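Report on one structure; see the data block that follows.
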Amino acid sequence: MQGVRIQQEMSLFEKLNILSDAAKYDVACTSSGTDRRGDGKGIGNCKAAGICHSFSADGRCISLLKILFTNECIFDCKYCINRASNDVKRASFTPDEVCRLTIEFYRRNYIEGLFLSSGVLKSPDYTMRLIYETLWKLRQEYHFQGYIHVKAIPGASQELIQMTGFLADRMSVNLELPTAESLRKLAPHKSRKNILGPMRLVQNKREENKQEIAVYKHAPRFVPAGQSTQMIIGATPESDYQIIHVAESLYQKFQLKRVFYSAFIHVNEDASLPARTDEGPPLLREHRLYQADWLLRYYHFSASELLSEKQPNFNVLLDPKCDWAIRHLEWFPVEVNRADYQVLLRVPGIGYTSARRIVKARKFGSLDFEDLRKMGVVLKRALYFITCKGRMMYPVKMEQDYILRNILDPREKLPGGLGEMGYRQLSLFDDVNFREVKAE
Amino acid sequence: MLKRRFICTDTTIGILSAIYDAWKMDRTDTEAGIPLWGTVQHEMFCEYYEVEENERKAGAVRKLIRERLGKQAYSDISYAILSKDEDKGTAILQTMVAARELADSHRIMEHLSHPAVRRVFEMSRNVGREAHYWEEFLRFREMKPKILYAEITPQNQVLPAIADHFADRFPLEDFVIYDKNHASYMIHPRQKKWMFMTDHEQKWEAAKELSEEEEAWCTLWKGFRKSISIKDRENKKLQTQNMPLRYRGDMPEYGKS
Ligand code: SF4
């Protein structure tokens, strides 16, 4: 255990560098899902809409102090920089160091809270206990009332996971890979069972907790912002169709709040990983999956409407909603002044906030295109699919090829260039200020 | 008939007092307007009134809005009042006039095809959006003796829109937020009620000296921001899109420390 000796001499700066660098491949950084005012006796509160405090050079939102407790690890997941067989510099925080960093960053409004994950030090239980101790200190001794997202370590005991859940706002267990087979191949120390096990536990405990709160208003809250997970995209051969199917069933069967997709990044040379190419991580694919994910969660689409065995992958040129609309012209055009809310949701260029505004505003009189524009509808896309008072905005041919040619915008509002993540999901939403939440 | 114009200062009390006067004179007048001092353009066939501004009038109008127009409209109007746009007083007044025509006046903010309602909605959204940005991007520095100090440069007068957020978040801190563009302060003494102050009333004199640890925390933060970014995904354009340059002036991660 040479690593331990080095640690003692390491400065906080060095540790933070190592342990944030090691945590960065976890994509979740949202601070949303729960509203909590401060009680006047500590520091911090939570906003359901979530708050980003900065953006890193890769354009991703920084909302939480995202760190590993330690990057020591006895496991050997092939895709992971911290795996046991890698020769990397190792470090571990102490619980107090994590607390001080969180509080001092929070006071300066750098962050919304803490995202604490960890490599597996000694054993899953040993690690989970350290995480628990850290959160306990942060809540009880430092009186921190801001957001905490914590990882459940696969293989840790139920009891520890439960105790930790009462201190955290969000908990997540990473699914890592879309299928059990891929998991076996790339993460030999993990199994579908000890990933889905804690997921189910958190789900059941949350249900129970809801009942408790209904009876005792002041009962402690268990993971109030719900749980999330993430899958690595492109390390294994699953199709988009398989992936969104998995996501859909996680939403339905485990009541997850979010599924995150993480484009595979080459950090290790390993025969079981795809060969390294010059193309970099599959960011555009990841972006399309996020867009489809929004459609599942907020737009009442089902996975099998979006893709099929025959068409197993998303169109790289078009966002999934537009792609769907063009393949279903028999639905269109729809009359904005009469169409159901559910139908409006399916119109490209109409986000769910504007759909809601339309339904309310049209009660006061018929709307025209100008009204729609003011309400945030992107007419450039919507015009092929709607009428106002029976008229289309311009005469257009209801033909797939014609619409496709016109709507294919080389400058599609992919957030800032090609294939980015789009945490603000500009291309799908009418409201730049949109955060995941309002509808959660 | 001459059009009525009620001139007031660009303050919440000013605008609410002007609404009070206009309402009192004729609450069905769809032509009445509220220009702000300093931006009045003389129009033909207008009658000008100088509004006497006071808290009593403002309070009465607040109550009226809350009761007649409901919570949603009250919150939209409170935000619209902070807007940088000069037509805000008129838009609010005309929204109130329009609400009288509705069977259920609480639904006024849904009536987006009415031009005044739409303006209030747009202004409220714009102020709300900017306030949210400042909640994200404002940075405190710790000054001696342990006071947190932040400066912002908003286009709208967002201070009242963000005050509660920070007061709730930091009840045990002494902190000050200074709006440079509108020369006003929010001052929050630890465990006490916060207040607003303008430069005219009192220049806030705090130690302008950073606390001993400030530099070190700032360095830790900069290091964190660097190491958390994934090299293979680097994308400055997306970064700029998400964090517009005009908010970066006072961030320690961009130079000035
Ligand atoms: S458990 Fe696997 S993914 Fe987690 S740190 Fe260890 S090697 Fe990496």
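Please note that chains go A, B, ... in the order of the structure tokens, that every chain numbers its residues from 1, and that ligands are numbered from 1 in the order shown.
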Distance limit 7 Å, atoms considered: only C-alpha atoms. Which chain A residues sit that close to chain B? Return them as a PDB file with N, CA and C atoms, in the first residue's frame.
ATOM      1  N   PHE A  13      -4.692  20.644  -2.784  1.00  0.00           N
ATOM      2  CA  PHE A  13      -4.764  21.014  -4.191  1.00  0.00           C
ATOM      3  C   PHE A  13      -4.498  19.795  -5.086  1.00  0.00           C
ATOM      4  N   LEU A  16      -7.349  17.260  -4.828  1.00  0.00           N
ATOM      5  CA  LEU A  16      -8.534  17.701  -5.557  1.00  0.00           C
ATOM      6  C   LEU A  16      -8.331  17.493  -7.054  1.00  0.00           C
ATOM      7  N   ASN A  17      -7.119  17.773  -7.523  1.00  0.00           N
ATOM      8  CA  ASN A  17      -6.840  17.549  -8.930  1.00  0.00           C
ATOM      9  C   ASN A  17      -7.022  16.098  -9.321  1.00  0.00           C
ATOM     10  N   SER A  20     -10.867  14.904  -8.762  1.00  0.00           N
ATOM     11  CA  SER A  20     -11.888  15.445  -9.661  1.00  0.00           C
ATOM     12  C   SER A  20     -11.597  14.955 -11.077  1.00  0.00           C
ATOM     13  N   ASP A  21     -10.325  14.872 -11.403  1.00  0.00           N
ATOM     14  CA  ASP A  21      -9.947  14.326 -12.696  1.00  0.00           C
ATOM     15  C   ASP A  21     -10.500  12.904 -12.847  1.00  0.00           C
ATOM     16  N   LYS A  24     -14.470  12.787 -13.454  1.00  0.00           N
ATOM     17  CA  LYS A  24     -15.109  13.561 -14.515  1.00  0.00           C
ATOM     18  C   LYS A  24     -15.856  12.730 -15.552  1.00  0.00           C
ATOM     19  N   ARG A  37     -36.147  24.861   1.379  1.00  0.00           N
ATOM     20  CA  ARG A  37     -35.655  26.130   1.903  1.00  0.00           C
ATOM     21  C   ARG A  37     -34.759  25.850   3.102  1.00  0.00           C
ATOM     22  N   GLY A  38     -33.887  26.793   3.378  1.00  0.00           N
ATOM     23  CA  GLY A  38     -33.026  26.632   4.541  1.00  0.00           C
ATOM     24  C   GLY A  38     -33.854  26.772   5.813  1.00  0.00           C
ATOM     25  N   GLY A  40     -32.637  28.301   8.436  1.00  0.00           N
ATOM     26  CA  GLY A  40     -32.119  29.465   9.131  1.00  0.00           C
ATOM     27  C   GLY A  40     -30.973  29.149  10.075  1.00  0.00           C
ATOM     28  N   GLY A  42     -28.351  26.869   9.246  1.00  0.00           N
ATOM     29  CA  GLY A  42     -27.177  26.260   8.618  1.00  0.00           C
ATOM     30  C   GLY A  42     -26.800  27.018   7.374  1.00  0.00           C
ATOM     31  N   ILE A  43     -26.378  26.268   6.369  1.00  0.00           N
ATOM     32  CA  ILE A  43     -26.016  26.898   5.111  1.00  0.00           C
ATOM     33  C   ILE A  43     -26.609  26.072   3.974  1.00  0.00           C
ATOM     34  N   GLY A  44     -27.309  26.766   3.084  1.00  0.00           N
ATOM     35  CA  GLY A  44     -27.758  26.088   1.883  1.00  0.00           C
ATOM     36  C   GLY A  44     -29.241  25.845   1.774  1.00  0.00           C
ATOM     37  N   ASN A  45     -29.673  25.651   0.525  1.00  0.00           N
ATOM     38  CA  ASN A  45     -31.044  25.269   0.209  1.00  0.00           C
ATOM     39  C   ASN A  45     -31.012  24.561  -1.139  1.00  0.00           C
ATOM     40  N   ILE A  51     -29.417  24.408 -10.577  1.00  0.00           N
ATOM     41  CA  ILE A  51     -28.648  25.595 -10.899  1.00  0.00           C
ATOM     42  C   ILE A  51     -27.274  25.159 -11.402  1.00  0.00           C
ATOM     43  N   CYS A  52     -26.886  25.698 -12.565  1.00  0.00           N
ATOM     44  CA  CYS A  52     -25.528  25.458 -13.057  1.00  0.00           C
ATOM     45  C   CYS A  52     -24.692  26.633 -12.593  1.00  0.00           C
ATOM     46  N   HIS A  53     -23.504  26.409 -12.155  1.00  0.00           N
ATOM     47  CA  HIS A  53     -22.716  27.553 -11.709  1.00  0.00           C
ATOM     48  C   HIS A  53     -21.603  27.930 -12.655  1.00  0.00           C
ATOM     49  N   SER A  54     -21.221  26.994 -13.475  1.00  0.00           N
ATOM     50  CA  SER A  54     -20.157  27.314 -14.401  1.00  0.00           C
ATOM     51  C   SER A  54     -20.223  26.283 -15.512  1.00  0.00           C
ATOM     52  N   PHE A  55     -19.411  26.495 -16.516  1.00  0.00           N
ATOM     53  CA  PHE A  55     -19.318  25.505 -17.579  1.00  0.00           C
ATOM     54  C   PHE A  55     -17.854  25.248 -17.854  1.00  0.00           C
ATOM     55  N   SER A  56     -17.490  23.980 -17.936  1.00  0.00           N
ATOM     56  CA  SER A  56     -16.083  23.676 -18.166  1.00  0.00           C
ATOM     57  C   SER A  56     -15.764  23.810 -19.645  1.00  0.00           C
ATOM     58  N   ALA A  57     -14.504  23.668 -19.974  1.00  0.00           N
ATOM     59  CA  ALA A  57     -14.055  23.907 -21.349  1.00  0.00           C
ATOM     60  C   ALA A  57     -14.712  22.951 -22.340  1.00  0.00           C
ATOM     61  N   ASP A  58     -15.264  21.843 -21.861  1.00  0.00           N
ATOM     62  CA  ASP A  58     -15.964  20.940 -22.767  1.00  0.00           C
ATOM     63  C   ASP A  58     -17.445  21.320 -22.899  1.00  0.00           C
ATOM     64  N   GLY A  59     -17.809  22.455 -22.299  1.00  0.00           N
ATOM     65  CA  GLY A  59     -19.175  22.950 -22.447  1.00  0.00           C
ATOM     66  C   GLY A  59     -20.161  22.324 -21.488  1.00  0.00           C
ATOM     67  N   ARG A 108     -18.991  30.599  -1.733  1.00  0.00           N
ATOM     68  CA  ARG A 108     -18.599  31.542  -2.782  1.00  0.00           C
ATOM     69  C   ARG A 108     -19.501  31.454  -4.001  1.00  0.00           C
ATOM     70  N   ASN A 109     -20.531  30.624  -3.892  1.00  0.00           N
ATOM     71  CA  ASN A 109     -21.473  30.412  -4.989  1.00  0.00           C
ATOM     72  C   ASN A 109     -20.808  29.784  -6.215  1.00  0.00           C
ATOM     73  N   TYR A 110     -19.803  28.954  -5.966  1.00  0.00           N
ATOM     74  CA  TYR A 110     -19.178  28.209  -7.059  1.00  0.00           C
ATOM     75  C   TYR A 110     -20.035  26.990  -7.423  1.00  0.00           C
ATOM     76  N   GLY A 280     -12.853  10.315 -32.146  1.00  0.00           N
ATOM     77  CA  GLY A 280     -13.192  10.811 -30.818  1.00  0.00           C
ATOM     78  C   GLY A 280     -14.465  10.153 -30.326  1.00  0.00           C
ATOM     79  N   LYS A 360     -53.731  27.254 -23.282  1.00  0.00           N
ATOM     80  CA  LYS A 360     -54.376  28.258 -22.431  1.00  0.00           C
ATOM     81  C   LYS A 360     -54.802  29.484 -23.231  1.00  0.00           C
ATOM     82  N   ALA A 361     -53.886  29.984 -24.061  1.00  0.00           N
ATOM     83  CA  ALA A 361     -54.131  31.262 -24.727  1.00  0.00           C
ATOM     84  C   ALA A 361     -55.266  31.175 -25.738  1.00  0.00           C
ATOM     85  N   PHE A 364     -58.917  32.392 -25.261  1.00  0.00           N
ATOM     86  CA  PHE A 364     -59.301  33.803 -25.324  1.00  0.00           C
ATOM     87  C   PHE A 364     -59.509  34.275 -26.750  1.00  0.00           C
ATOM     88  N   ASP A 371     -48.619  35.187 -32.954  1.00  0.00           N
ATOM     89  CA  ASP A 371     -48.822  34.819 -31.546  1.00  0.00           C
ATOM     90  C   ASP A 371     -47.951  33.628 -31.178  1.00  0.00           C
ATOM     91  N   PRO A 415     -26.316  22.354 -29.928  1.00  0.00           N
ATOM     92  CA  PRO A 415     -25.692  23.337 -29.048  1.00  0.00           C
ATOM     93  C   PRO A 415     -24.237  23.556 -29.429  1.00  0.00           C
ATOM     94  N   GLY A 416     -23.978  24.704 -29.988  1.00  0.00           N
ATOM     95  CA  GLY A 416     -22.619  25.129 -30.250  1.00  0.00           C
ATOM     96  C   GLY A 416     -21.745  24.279 -31.139  1.00  0.00           C
ATOM     97  N   ASN A 433     -34.130  28.726 -20.887  1.00  0.00           N
ATOM     98  CA  ASN A 433     -33.936  28.633 -19.458  1.00  0.00           C
ATOM     99  C   ASN A 433     -34.447  27.328 -18.885  1.00  0.00           C
TER     100      ASN A 433
END
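Running DSSP on the backbone gives strand (DSSP E or B) for these residues within segment 100-245 of chain B: Arg141, Glu142, Met143, Ile147, Leu148, Tyr149, Ala150, Glu151, Ile152, Phe175, Val176, Ile177, Tyr178, Asp179, Ser184, Tyr185, Met186, Ile187, His188, Met195, Phe196, Met197, Thr198 and Leu210 of chain B.
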Determine, counting only C-alpha atoms, which protein, DNA and RNA residues have an atom within 12 Å of an atom of Phe69 of chain A; residues of the same chain fewer than 6 positions away are not included. Present the result as number ranges by chain. A: 15-16, 18-23, 90-99, 114-121, 127-135, 150-151, 153
Please identify all protein, DNA and RNA residues within 6 Å of ligand 1, counting only C-alpha atoms and all ligand atoms, and report them as a list in words.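 Listed by chain and ascending number, the contacts are Cys73, Phe75, Asp76, Cys77, Cys80, Asn82, Arg83, Gly119 and Val120 of chain A.
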Grab the residues selected above and save them as an mmCIF file, in the first residue's frame with N, CA, C and O atoms.
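selection_6.cif was written with the following content:
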data_model
loop_
_atom_site.group_PDB
_atom_site.id
_atom_site.type_symbol
_atom_site.label_atom_id
_atom_site.label_comp_id
_atom_site.auth_asym_id
_atom_site.auth_seq_id
_atom_site.Cartn_x
_atom_site.Cartn_y
_atom_site.Cartn_z
ATOM 1 N N CYS A 73 -8.851 1.408 -6.091
ATOM 2 C CA CYS A 73 -9.949 0.513 -6.448
ATOM 3 C C CYS A 73 -9.490 -0.929 -6.561
ATOM 4 O O CYS A 73 -8.464 -1.204 -7.162
ATOM 5 N N PHE A 75 -11.490 -3.177 -7.895
ATOM 6 C CA PHE A 75 -12.158 -3.713 -9.078
ATOM 7 C C PHE A 75 -11.343 -3.391 -10.327
ATOM 8 O O PHE A 75 -10.462 -2.540 -10.298
ATOM 9 N N ASP A 76 -11.716 -4.047 -11.424
ATOM 10 C CA ASP A 76 -10.945 -3.837 -12.640
ATOM 11 C C ASP A 76 -11.851 -3.692 -13.864
ATOM 12 O O ASP A 76 -11.803 -4.487 -14.796
ATOM 13 N N CYS A 77 -12.667 -2.652 -13.848
ATOM 14 C CA CYS A 77 -13.556 -2.424 -14.986
ATOM 15 C C CYS A 77 -12.696 -1.937 -16.159
ATOM 16 O O CYS A 77 -11.949 -0.968 -16.026
ATOM 17 N N CYS A 80 -12.350 1.811 -17.276
ATOM 18 C CA CYS A 80 -12.187 2.847 -16.257
ATOM 19 C C CYS A 80 -10.734 3.181 -15.969
ATOM 20 O O CYS A 80 -9.895 2.298 -15.808
ATOM 21 N N ASN A 82 -9.485 4.284 -13.317
ATOM 22 C CA ASN A 82 -9.073 3.959 -11.943
ATOM 23 C C ASN A 82 -8.952 2.467 -11.669
ATOM 24 O O ASN A 82 -8.749 2.061 -10.531
ATOM 25 N N ARG A 83 -9.133 1.649 -12.685
ATOM 26 C CA ARG A 83 -9.168 0.212 -12.434
ATOM 27 C C ARG A 83 -7.863 -0.259 -11.768
ATOM 28 O O ARG A 83 -6.795 0.328 -11.959
ATOM 29 N N GLY A 119 -14.011 5.081 -5.873
ATOM 30 C CA GLY A 119 -13.493 3.761 -6.230
ATOM 31 C C GLY A 119 -13.728 2.852 -5.024
ATOM 32 O O GLY A 119 -14.145 3.314 -3.963
ATOM 33 N N VAL A 120 -13.480 1.580 -5.213
ATOM 34 C CA VAL A 120 -13.753 0.656 -4.118
ATOM 35 C C VAL A 120 -12.471 0.403 -3.329
ATOM 36 O O VAL A 120 -11.556 -0.261 -3.780
#
Could you tell me, as a PyMOL selection string, which residues of segment 27-224 of chain B DSSP assigns to helix (DSSP H, G or I) when given the backbone? chain B and resi 55-80+88-99+105-110+115-137+159-169+214-224
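Using only C-alpha atoms, the smallest distance between any of B:Phe45, B:Tyr79, B:Trp23, B:Tyr254 and Ala161 of chain B comes from B:Tyr79.
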Separation of atom CA of Ala247 of chain A from atom CA of Trp331 of chain A in Å: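 Interatomic distance here is 26.6 Å.
Here atom CA of Val378 of chain A is placed at a distance of 8.2 Å from atom CA of Pro348 of chain A.
Across the model, the gap from atom CA of Arg184 of chain A to atom CA of Glu238 of chain A is 14.2 Å.
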Please list as a PyMOL selection string every residue within 8 Å of Glu47 of chain B, counting only C-alpha atoms and excluding residues in the same chain fewer than 5 positions away. chain B and resi 2-5
